[in-house]
Amino acid sequence: MAVQRTELVEVLRDLVKERVAAPVAEDADLAALGLDSLSVIELMMAVEDRFGARIPVEGIGADDLRDLRSLAAYALRHIN
Amino acid sequence: MDRPLSGPDHFHWLVHRAMRKRGLAGNVSRMRFDLGPGVDAEAMATVLRTDPVVQLVARIRWRVRWPWLPRWCMLEHAPDIVHLHQEDDPEAWLTERLGDRLGAEGLLRFDVLAAAGRTQVLVSFHHALFDHQGMLNLLHALGSGGWTGPMLPLEDRAATAGAWRDVVAGAAQAFRTSGPRLGSLWVGDRAVPPVPRFRVLRFTAEETARIDDQARSTGAALARSAHFMAAAARAVNGVLDRRGSLPRYLWFSAPVDQRPRGGPGHLLTNVTSFLFFRLEQAQLRDTATAVRGLNGQLVEQVRARFPHRYRALLRAFRHLPAWLSAAMVDLPSLGRWSSFGFSDLGDLDRMPTTFAGRPVLEVLHLPPVPAPPGLSVVVGRERGALLLVLGYDGRALNEDEADRFASGLRGLLLGA
């Protein structure tokens, strides 16, 4: 069954919340939240574990790192 | 406080021993705070001297009683660790003075430099005592009336069932990419005093924006550090090329902060691990290819939980005799350790904007310069502008080469 974007955003939001210990908006700037490259790779690994897919993390571009929505969109392209 | 040094602290203690054995100043990091004009240097020295946090840290020492692990301990009374220098050229400290060892001061020292109406404070701290983030904790605590939080984090124990598997996997992974043929700037027989020198590369906000665009175009979106590392590696390669000794590959490490976010703050200790990178000569020909190589190695190491495994390795190293752990580090690289040292401190805006109540105009982080390799590159970003500090030893770069390295690096960062 195809994963929905909203579901993935929620999963990512929960994962980020664990790391920054604060509520996270969908359009929050990931860099401003203090998420570095290691955190992003770990987030994608957690998403891979959850949905059983392989995400080519090294291909993530600047536009994909804008906020949770764009990161979810990148992951979704490789999950579905 | 009577506790063994943690794995990363012990690693820095080992590096310190090795540096002292080679006649170097030791594993000492420094931060220079430019406070500009209008500051009473004598009053500043008094403020620091009487600060309870300064007095607390001034009492910390390590105690070594073979065959047990070195332990932290406290002196009964704090020695004076604040020194005032009137009418002394502060810039000369970057080129001549930083070979001074921390002596009776122990692990922390403040030099208040006043010249031509300007005041700077140079804070020297032993790297075994804390890393950059730990230093920030101390600076934030200055003037707060005392430290009420924990001095050390919860003990760094290898308590998990798979700890030894992590140690073996970490060692295999760390030593797999290193070897005796790594490129090195080191020329051991140059007769120069073993004093580290520093150069500062400052970029304007506009230049920094150009460098960020350049990082995106070379593929360093996930980690901008990849662009900085690639440029530094290519600049090292350029120096070696001029010497007519192009290496097969360059090998270097980068520290990574391992502090859990939102966890309790503590004053002391290093909470770091390392990532290791290897760039073959073919990857050093253009920045985009180098960045691609670094991105791949970064992702591979994080996927393999390498930072976690390497910390387990550092913990285990504490239980080996010092000569054996030194040999384990030396053997794969024939004592050259790495091609150069690299550290990205990220946004220096987390730095306090005041120092003991005075506004700070500029902060420089001056890294230790182990020699070999004799070159340390530190990247930071202050008020939106990129700031690089190059620490070097004359046996790695002579002054002409240092000029060329600095201008080459500037050009590579800007995409010239």
# chains A, B, ... in the order shown; residues from 1 in each chain; ligands from 1
>>> residues_around(residues="Phe276 in chain B", least_positions_apart="3", cutoff="9 Å", atoms="only C-alpha atoms", output="PyMOL selection string")
chain B and resi 174+177-178+251-255+297-298+301
>>> write_last_selection(atoms="N, CA, C and O atoms", output="short mmCIF file (atom, residue, chain, number, x, y, z; two decimals), in the first residue's frame")
data_model
loop_
_atom_site.label_atom_id
_atom_site.label_comp_id
_atom_site.auth_asym_id
_atom_site.auth_seq_id
_atom_site.Cartn_x
_atom_site.Cartn_y
_atom_site.Cartn_z
N ALA B 174 38.17 1.99 11.18
CA ALA B 174 39.09 3.13 11.25
C ALA B 174 40.40 2.83 10.53
O ALA B 174 40.94 3.69 9.85
N THR B 177 40.81 2.30 6.11
CA THR B 177 41.03 3.34 5.10
C THR B 177 42.40 4.02 5.22
O THR B 177 42.82 4.72 4.33
N SER B 178 43.07 3.82 6.37
CA SER B 178 44.37 4.46 6.56
C SER B 178 45.47 3.56 6.01
O SER B 178 45.24 2.41 5.72
N TRP B 251 44.12 11.46 3.66
CA TRP B 251 43.29 10.80 4.69
C TRP B 251 43.20 11.76 5.87
O TRP B 251 44.22 12.27 6.33
N PHE B 252 42.00 12.01 6.32
CA PHE B 252 41.84 12.96 7.43
C PHE B 252 40.57 12.62 8.21
O PHE B 252 39.72 11.87 7.73
N SER B 253 40.48 13.20 9.39
CA SER B 253 39.32 12.93 10.23
C SER B 253 38.61 14.24 10.54
O SER B 253 39.17 15.33 10.39
N ALA B 254 37.38 14.12 10.97
CA ALA B 254 36.61 15.30 11.41
C ALA B 254 35.84 14.91 12.66
O ALA B 254 35.19 13.86 12.69
N PRO B 255 35.92 15.73 13.73
CA PRO B 255 35.17 15.40 14.94
C PRO B 255 33.68 15.64 14.77
O PRO B 255 33.28 16.53 14.02
N GLN B 297 31.09 8.67 1.69
CA GLN B 297 31.75 8.13 2.89
C GLN B 297 31.03 8.57 4.16
O GLN B 297 30.94 7.82 5.13
N LEU B 298 30.49 9.80 4.15
CA LEU B 298 29.72 10.28 5.30
C LEU B 298 28.50 9.40 5.54
O LEU B 298 28.28 8.89 6.65
N GLN B 301 29.38 5.86 6.71
CA GLN B 301 29.83 5.76 8.11
C GLN B 301 28.67 5.96 9.09
O GLN B 301 28.62 5.29 10.11
#
>>> residues_around(residues="range 359-369 of chain B", least_positions_apart="4", cutoff="6 Å", atoms="only C-alpha atoms", output="list of chain:residue names")
B:Asn27, B:Val28, B:Ser29, B:Arg30, B:Met31, B:Arg32, B:Phe33, B:Asp34, B:Leu35, B:Thr353, B:Thr354, B:Gly374, B:Ser376
>>> write_last_selection(atoms="all heavy atoms", output="tab-separated table (two decimals), in the first residue's frame")
chain	number	residue	atom	x	y	z
B	27	ASN	N	48.34	19.48	23.76
B	27	ASN	CA	47.03	19.47	23.10
B	27	ASN	C	46.16	20.60	23.69
B	27	ASN	O	45.20	20.34	24.42
B	27	ASN	CB	46.38	18.11	23.31
B	27	ASN	CG	45.21	17.88	22.40
B	27	ASN	OD1	44.88	18.73	21.59
B	27	ASN	ND2	44.57	16.74	22.55
B	28	VAL	N	46.53	21.81	23.36
B	28	VAL	CA	45.88	22.98	23.95
B	28	VAL	C	45.12	23.74	22.86
B	28	VAL	O	45.67	24.05	21.81
B	28	VAL	CB	46.93	23.92	24.59
B	28	VAL	CG1	46.28	25.18	25.11
B	28	VAL	CG2	47.66	23.19	25.70
B	29	SER	N	43.85	24.00	23.12
B	29	SER	CA	43.02	24.81	22.22
B	29	SER	C	42.95	26.21	22.80
B	29	SER	O	43.04	26.39	24.01
B	29	SER	CB	41.61	24.24	22.18
B	29	SER	OG	41.29	23.71	20.94
B	30	ARG	N	42.71	27.19	21.93
B	30	ARG	CA	42.62	28.55	22.43
B	30	ARG	C	41.46	29.28	21.76
B	30	ARG	O	41.12	28.98	20.61
B	30	ARG	CB	43.92	29.32	22.17
B	30	ARG	CG	45.07	28.78	22.99
B	30	ARG	CD	46.35	29.49	22.66
B	30	ARG	NE	47.39	29.15	23.62
B	30	ARG	CZ	48.27	28.18	23.45
B	30	ARG	NH1	48.22	27.44	22.37
B	30	ARG	NH2	49.20	27.95	24.36
B	31	MET	N	40.89	30.22	22.48
B	31	MET	CA	39.90	31.11	21.88
B	31	MET	C	40.31	32.54	22.16
B	31	MET	O	40.72	32.85	23.28
B	31	MET	CB	38.52	30.84	22.45
B	31	MET	CG	38.07	29.43	22.11
B	31	MET	SD	36.38	29.12	22.52
B	31	MET	CE	35.62	29.70	21.07
B	32	ARG	N	40.23	33.38	21.13
B	32	ARG	CA	40.62	34.77	21.31
B	32	ARG	C	39.38	35.65	21.15
B	32	ARG	O	38.71	35.60	20.12
B	32	ARG	CB	41.67	35.17	20.28
B	32	ARG	CG	42.29	36.51	20.62
B	32	ARG	CD	43.28	36.93	19.56
B	32	ARG	NE	42.62	37.51	18.42
B	32	ARG	CZ	43.26	38.12	17.43
B	32	ARG	NH1	44.57	38.21	17.44
B	32	ARG	NH2	42.61	38.64	16.41
B	33	PHE	N	39.11	36.43	22.17
B	33	PHE	CA	37.96	37.33	22.16
B	33	PHE	C	38.46	38.75	21.98
B	33	PHE	O	39.22	39.24	22.82
B	33	PHE	CB	37.19	37.22	23.48
B	33	PHE	CG	36.57	35.87	23.67
B	33	PHE	CD1	37.31	34.83	24.19
B	33	PHE	CD2	35.27	35.64	23.30
B	33	PHE	CE1	36.76	33.57	24.33
B	33	PHE	CE2	34.69	34.40	23.44
B	33	PHE	CZ	35.44	33.35	23.96
B	34	ASP	N	38.04	39.38	20.90
B	34	ASP	CA	38.41	40.78	20.68
B	34	ASP	C	37.32	41.65	21.29
B	34	ASP	O	36.16	41.60	20.85
B	34	ASP	CB	38.53	41.03	19.17
B	34	ASP	CG	39.12	42.40	18.89
B	34	ASP	OD1	39.20	43.22	19.83
B	34	ASP	OD2	39.50	42.66	17.73
B	35	LEU	N	37.69	42.41	22.31
B	35	LEU	CA	36.70	43.24	23.01
B	35	LEU	C	36.76	44.69	22.56
B	35	LEU	O	36.01	45.53	23.07
B	35	LEU	CB	36.93	43.15	24.52
B	35	LEU	CG	36.95	41.73	25.10
B	35	LEU	CD1	37.17	41.78	26.61
B	35	LEU	CD2	35.67	40.98	24.80
B	353	THR	N	27.70	36.63	23.20
B	353	THR	CA	27.96	37.90	22.53
B	353	THR	C	28.67	38.87	23.46
B	353	THR	O	29.08	39.95	23.04
B	353	THR	CB	26.64	38.53	22.03
B	353	THR	OG1	25.75	38.55	23.13
B	353	THR	CG2	26.04	37.74	20.89
B	354	THR	N	28.74	38.50	24.74
B	354	THR	CA	29.51	39.31	25.67
B	354	THR	C	30.52	38.42	26.38
B	354	THR	O	30.32	37.20	26.49
B	354	THR	CB	28.59	39.94	26.74
B	354	THR	OG1	27.90	38.90	27.43
B	354	THR	CG2	27.58	40.89	26.12
B	374	GLY	N	50.84	18.66	11.32
B	374	GLY	CA	51.33	20.04	11.26
B	374	GLY	C	50.41	21.01	10.58
B	374	GLY	O	50.83	22.14	10.29
B	376	SER	N	46.17	22.28	10.88
B	376	SER	CA	44.80	22.14	11.37
B	376	SER	C	43.95	23.23	10.74
B	376	SER	O	44.35	24.40	10.74
B	376	SER	CB	44.74	22.29	12.89
B	376	SER	OG	45.56	21.33	13.52
>>> interface_residues(of="chain A", to="chain B", cutoff="9 Å", atoms="only C-alpha atoms", output="ChimeraX atom specification")
/A:18-22,36-38,40-42,45,57-63,65
>>> closest_atom_pairs(of="range 236-289 of chain B", to="range 183-192 of chain B", cutoff="9 Å", atoms="only C-alpha atoms", output="Markdown table")
| residue | atom | partner | partner_atom | distance |
| --- | --- | --- | --- | --- |
| B:Val236 | CA | B:Leu185 | CA | 7.5 |
| B:Asn237 | CA | B:Gly183 | CA | 8.0 |
| B:Val239 | CA | B:Leu185 | CA | 7.9 |
| B:Leu240 | CA | B:Leu185 | CA | 6.9 |
| B:Ser245 | CA | B:Gly183 | CA | 8.7 |
| B:Leu246 | CA | B:Gly183 | CA | 7.6 |
| B:Pro247 | CA | B:Gly183 | CA | 4.7 |
| B:Arg248 | CA | B:Gly183 | CA | 6.8 |
| B:Tyr249 | CA | B:Gly183 | CA | 5.8 |
| B:Leu250 | CA | B:Gly183 | CA | 5.0 |
| B:Trp251 | CA | B:Gly183 | CA | 7.3 |
>>> write_last_selection(atoms="C-alpha atoms", output="CSV table (one decimal), in the first residue's frame")
chain,number,residue,atom,x,y,z
B,236,VAL,CA,46.9,20.5,0.5
B,237,ASN,CA,47.2,18.6,-2.7
B,239,VAL,CA,51.1,22.3,-2.1
B,240,LEU,CA,52.2,18.7,-2.6
B,245,SER,CA,55.2,14.8,-4.7
B,246,LEU,CA,51.5,14.1,-5.6
B,247,PRO,CA,50.2,11.6,-3.1
B,248,ARG,CA,48.1,8.5,-3.8
B,249,TYR,CA,45.5,9.7,-1.4
B,250,LEU,CA,44.8,12.1,1.4
B,251,TRP,CA,43.3,10.8,4.7
>>> select_by_dssp(residues="range 100-334 of chain B", states="alpha helix (DSSP H)", output="PyMOL selection string")
chain B and resi 132-141+163-176+205-217+225-242+287-303+306-317+322-333
>>> closest_residue(among="B:Ala396, B:Leu284, B:Leu268, B:Val200", to="Arg410 in chain B", atoms="only C-alpha atoms")
B:Val200
>>> residues_around(residues="Gln4 in chain A", least_positions_apart="6", cutoff="12 Å", atoms="only C-alpha atoms", output="PyMOL selection string")
chain A and resi 10-11+51+69+72-73+75-77+79-80
>>> atom_distance(atom1="CA of Ala371 in chain B", atom2="CA of Val123 in chain B")
21.7 Å
>>> decode(residues="range 388-416 of chain B", atoms="N, CA and C atoms", output="PDB file, in the first residue's frame")
ATOM      1  N   LEU B 388      37.771  31.188   8.716  1.00  0.00           N
ATOM      2  CA  LEU B 388      38.610  29.992   8.804  1.00  0.00           C
ATOM      3  C   LEU B 388      39.884  30.326   9.561  1.00  0.00           C
ATOM      4  N   VAL B 389      40.315  29.438  10.417  1.00  0.00           N
ATOM      5  CA  VAL B 389      41.607  29.595  11.082  1.00  0.00           C
ATOM      6  C   VAL B 389      42.496  28.439  10.638  1.00  0.00           C
ATOM      7  N   LEU B 390      43.680  28.781  10.155  1.00  0.00           N
ATOM      8  CA  LEU B 390      44.658  27.771   9.743  1.00  0.00           C
ATOM      9  C   LEU B 390      45.758  27.759  10.786  1.00  0.00           C
ATOM     10  N   GLY B 391      45.946  26.636  11.455  1.00  0.00           N
ATOM     11  CA  GLY B 391      47.055  26.485  12.396  1.00  0.00           C
ATOM     12  C   GLY B 391      48.097  25.601  11.739  1.00  0.00           C
ATOM     13  N   TYR B 392      49.367  26.023  11.727  1.00  0.00           N
ATOM     14  CA  TYR B 392      50.368  25.203  11.047  1.00  0.00           C
ATOM     15  C   TYR B 392      51.703  25.246  11.771  1.00  0.00           C
ATOM     16  N   ASP B 393      52.480  24.235  11.495  1.00  0.00           N
ATOM     17  CA  ASP B 393      53.830  24.111  12.046  1.00  0.00           C
ATOM     18  C   ASP B 393      54.787  24.313  10.871  1.00  0.00           C
ATOM     19  N   GLY B 394      55.899  24.997  11.132  1.00  0.00           N
ATOM     20  CA  GLY B 394      56.852  25.302  10.059  1.00  0.00           C
ATOM     21  C   GLY B 394      57.405  24.078   9.362  1.00  0.00           C
ATOM     22  N   ARG B 395      57.299  22.920  10.006  1.00  0.00           N
ATOM     23  CA  ARG B 395      57.797  21.700   9.364  1.00  0.00           C
ATOM     24  C   ARG B 395      56.784  21.114   8.384  1.00  0.00           C
ATOM     25  N   ALA B 396      55.564  21.641   8.394  1.00  0.00           N
ATOM     26  CA  ALA B 396      54.562  21.206   7.411  1.00  0.00           C
ATOM     27  C   ALA B 396      54.437  22.233   6.285  1.00  0.00           C
ATOM     28  N   LEU B 397      54.435  23.501   6.652  1.00  0.00           N
ATOM     29  CA  LEU B 397      54.314  24.570   5.648  1.00  0.00           C
ATOM     30  C   LEU B 397      55.331  25.649   5.982  1.00  0.00           C
ATOM     31  N   ASN B 398      56.173  26.025   4.989  1.00  0.00           N
ATOM     32  CA  ASN B 398      56.979  27.220   5.231  1.00  0.00           C
ATOM     33  C   ASN B 398      56.111  28.443   4.928  1.00  0.00           C
ATOM     34  N   GLU B 399      56.645  29.643   5.137  1.00  0.00           N
ATOM     35  CA  GLU B 399      55.785  30.829   5.024  1.00  0.00           C
ATOM     36  C   GLU B 399      55.258  31.035   3.604  1.00  0.00           C
ATOM     37  N   ASP B 400      56.093  30.743   2.581  1.00  0.00           N
ATOM     38  CA  ASP B 400      55.614  30.857   1.191  1.00  0.00           C
ATOM     39  C   ASP B 400      54.476  29.885   0.942  1.00  0.00           C
ATOM     40  N   GLU B 401      54.686  28.657   1.413  1.00  0.00           N
ATOM     41  CA  GLU B 401      53.652  27.639   1.202  1.00  0.00           C
ATOM     42  C   GLU B 401      52.375  27.989   1.959  1.00  0.00           C
ATOM     43  N   ALA B 402      52.544  28.564   3.158  1.00  0.00           N
ATOM     44  CA  ALA B 402      51.371  28.962   3.927  1.00  0.00           C
ATOM     45  C   ALA B 402      50.583  30.042   3.183  1.00  0.00           C
ATOM     46  N   ASP B 403      51.317  30.997   2.554  1.00  0.00           N
ATOM     47  CA  ASP B 403      50.660  32.031   1.737  1.00  0.00           C
ATOM     48  C   ASP B 403      49.859  31.394   0.613  1.00  0.00           C
ATOM     49  N   ARG B 404      50.536  30.496  -0.095  1.00  0.00           N
ATOM     50  CA  ARG B 404      49.904  29.835  -1.242  1.00  0.00           C
ATOM     51  C   ARG B 404      48.725  28.983  -0.799  1.00  0.00           C
ATOM     52  N   PHE B 405      48.899  28.281   0.320  1.00  0.00           N
ATOM     53  CA  PHE B 405      47.817  27.427   0.823  1.00  0.00           C
ATOM     54  C   PHE B 405      46.594  28.289   1.148  1.00  0.00           C
ATOM     55  N   ALA B 406      46.828  29.405   1.845  1.00  0.00           N
ATOM     56  CA  ALA B 406      45.715  30.262   2.257  1.00  0.00           C
ATOM     57  C   ALA B 406      45.008  30.849   1.033  1.00  0.00           C
ATOM     58  N   SER B 407      45.780  31.347   0.051  1.00  0.00           N
ATOM     59  CA  SER B 407      45.109  31.946  -1.115  1.00  0.00           C
ATOM     60  C   SER B 407      44.470  30.870  -1.978  1.00  0.00           C
ATOM     61  N   GLY B 408      45.114  29.691  -2.053  1.00  0.00           N
ATOM     62  CA  GLY B 408      44.520  28.583  -2.819  1.00  0.00           C
ATOM     63  C   GLY B 408      43.203  28.142  -2.206  1.00  0.00           C
ATOM     64  N   LEU B 409      43.175  28.045  -0.892  1.00  0.00           N
ATOM     65  CA  LEU B 409      41.966  27.603  -0.197  1.00  0.00           C
ATOM     66  C   LEU B 409      40.842  28.621  -0.395  1.00  0.00           C
ATOM     67  N   ARG B 410      41.191  29.907  -0.273  1.00  0.00           N
ATOM     68  CA  ARG B 410      40.191  30.961  -0.474  1.00  0.00           C
ATOM     69  C   ARG B 410      39.564  30.835  -1.870  1.00  0.00           C
ATOM     70  N   GLY B 411      40.427  30.654  -2.867  1.00  0.00           N
ATOM     71  CA  GLY B 411      39.942  30.544  -4.244  1.00  0.00           C
ATOM     72  C   GLY B 411      39.070  29.307  -4.441  1.00  0.00           C
ATOM     73  N   LEU B 412      39.486  28.187  -3.874  1.00  0.00           N
ATOM     74  CA  LEU B 412      38.717  26.952  -4.045  1.00  0.00           C
ATOM     75  C   LEU B 412      37.349  27.057  -3.369  1.00  0.00           C
ATOM     76  N   LEU B 413      37.296  27.705  -2.223  1.00  0.00           N
ATOM     77  CA  LEU B 413      36.013  27.862  -1.533  1.00  0.00           C
ATOM     78  C   LEU B 413      35.058  28.708  -2.368  1.00  0.00           C
ATOM     79  N   LEU B 414      35.626  29.746  -3.000  1.00  0.00           N
ATOM     80  CA  LEU B 414      34.799  30.655  -3.794  1.00  0.00           C
ATOM     81  C   LEU B 414      34.535  30.106  -5.192  1.00  0.00           C
ATOM     82  N   GLY B 415      35.136  28.968  -5.507  1.00  0.00           N
ATOM     83  CA  GLY B 415      34.898  28.347  -6.813  1.00  0.00           C
ATOM     84  C   GLY B 415      35.739  28.940  -7.920  1.00  0.00           C
ATOM     85  N   ALA B 416      36.859  29.558  -7.553  1.00  0.00           N
ATOM     86  CA  ALA B 416      37.716  30.162  -8.590  1.00  0.00           C
ATOM     87  C   ALA B 416      38.422  29.073  -9.396  1.00  0.00           C
TER      88      ALA B 416
END
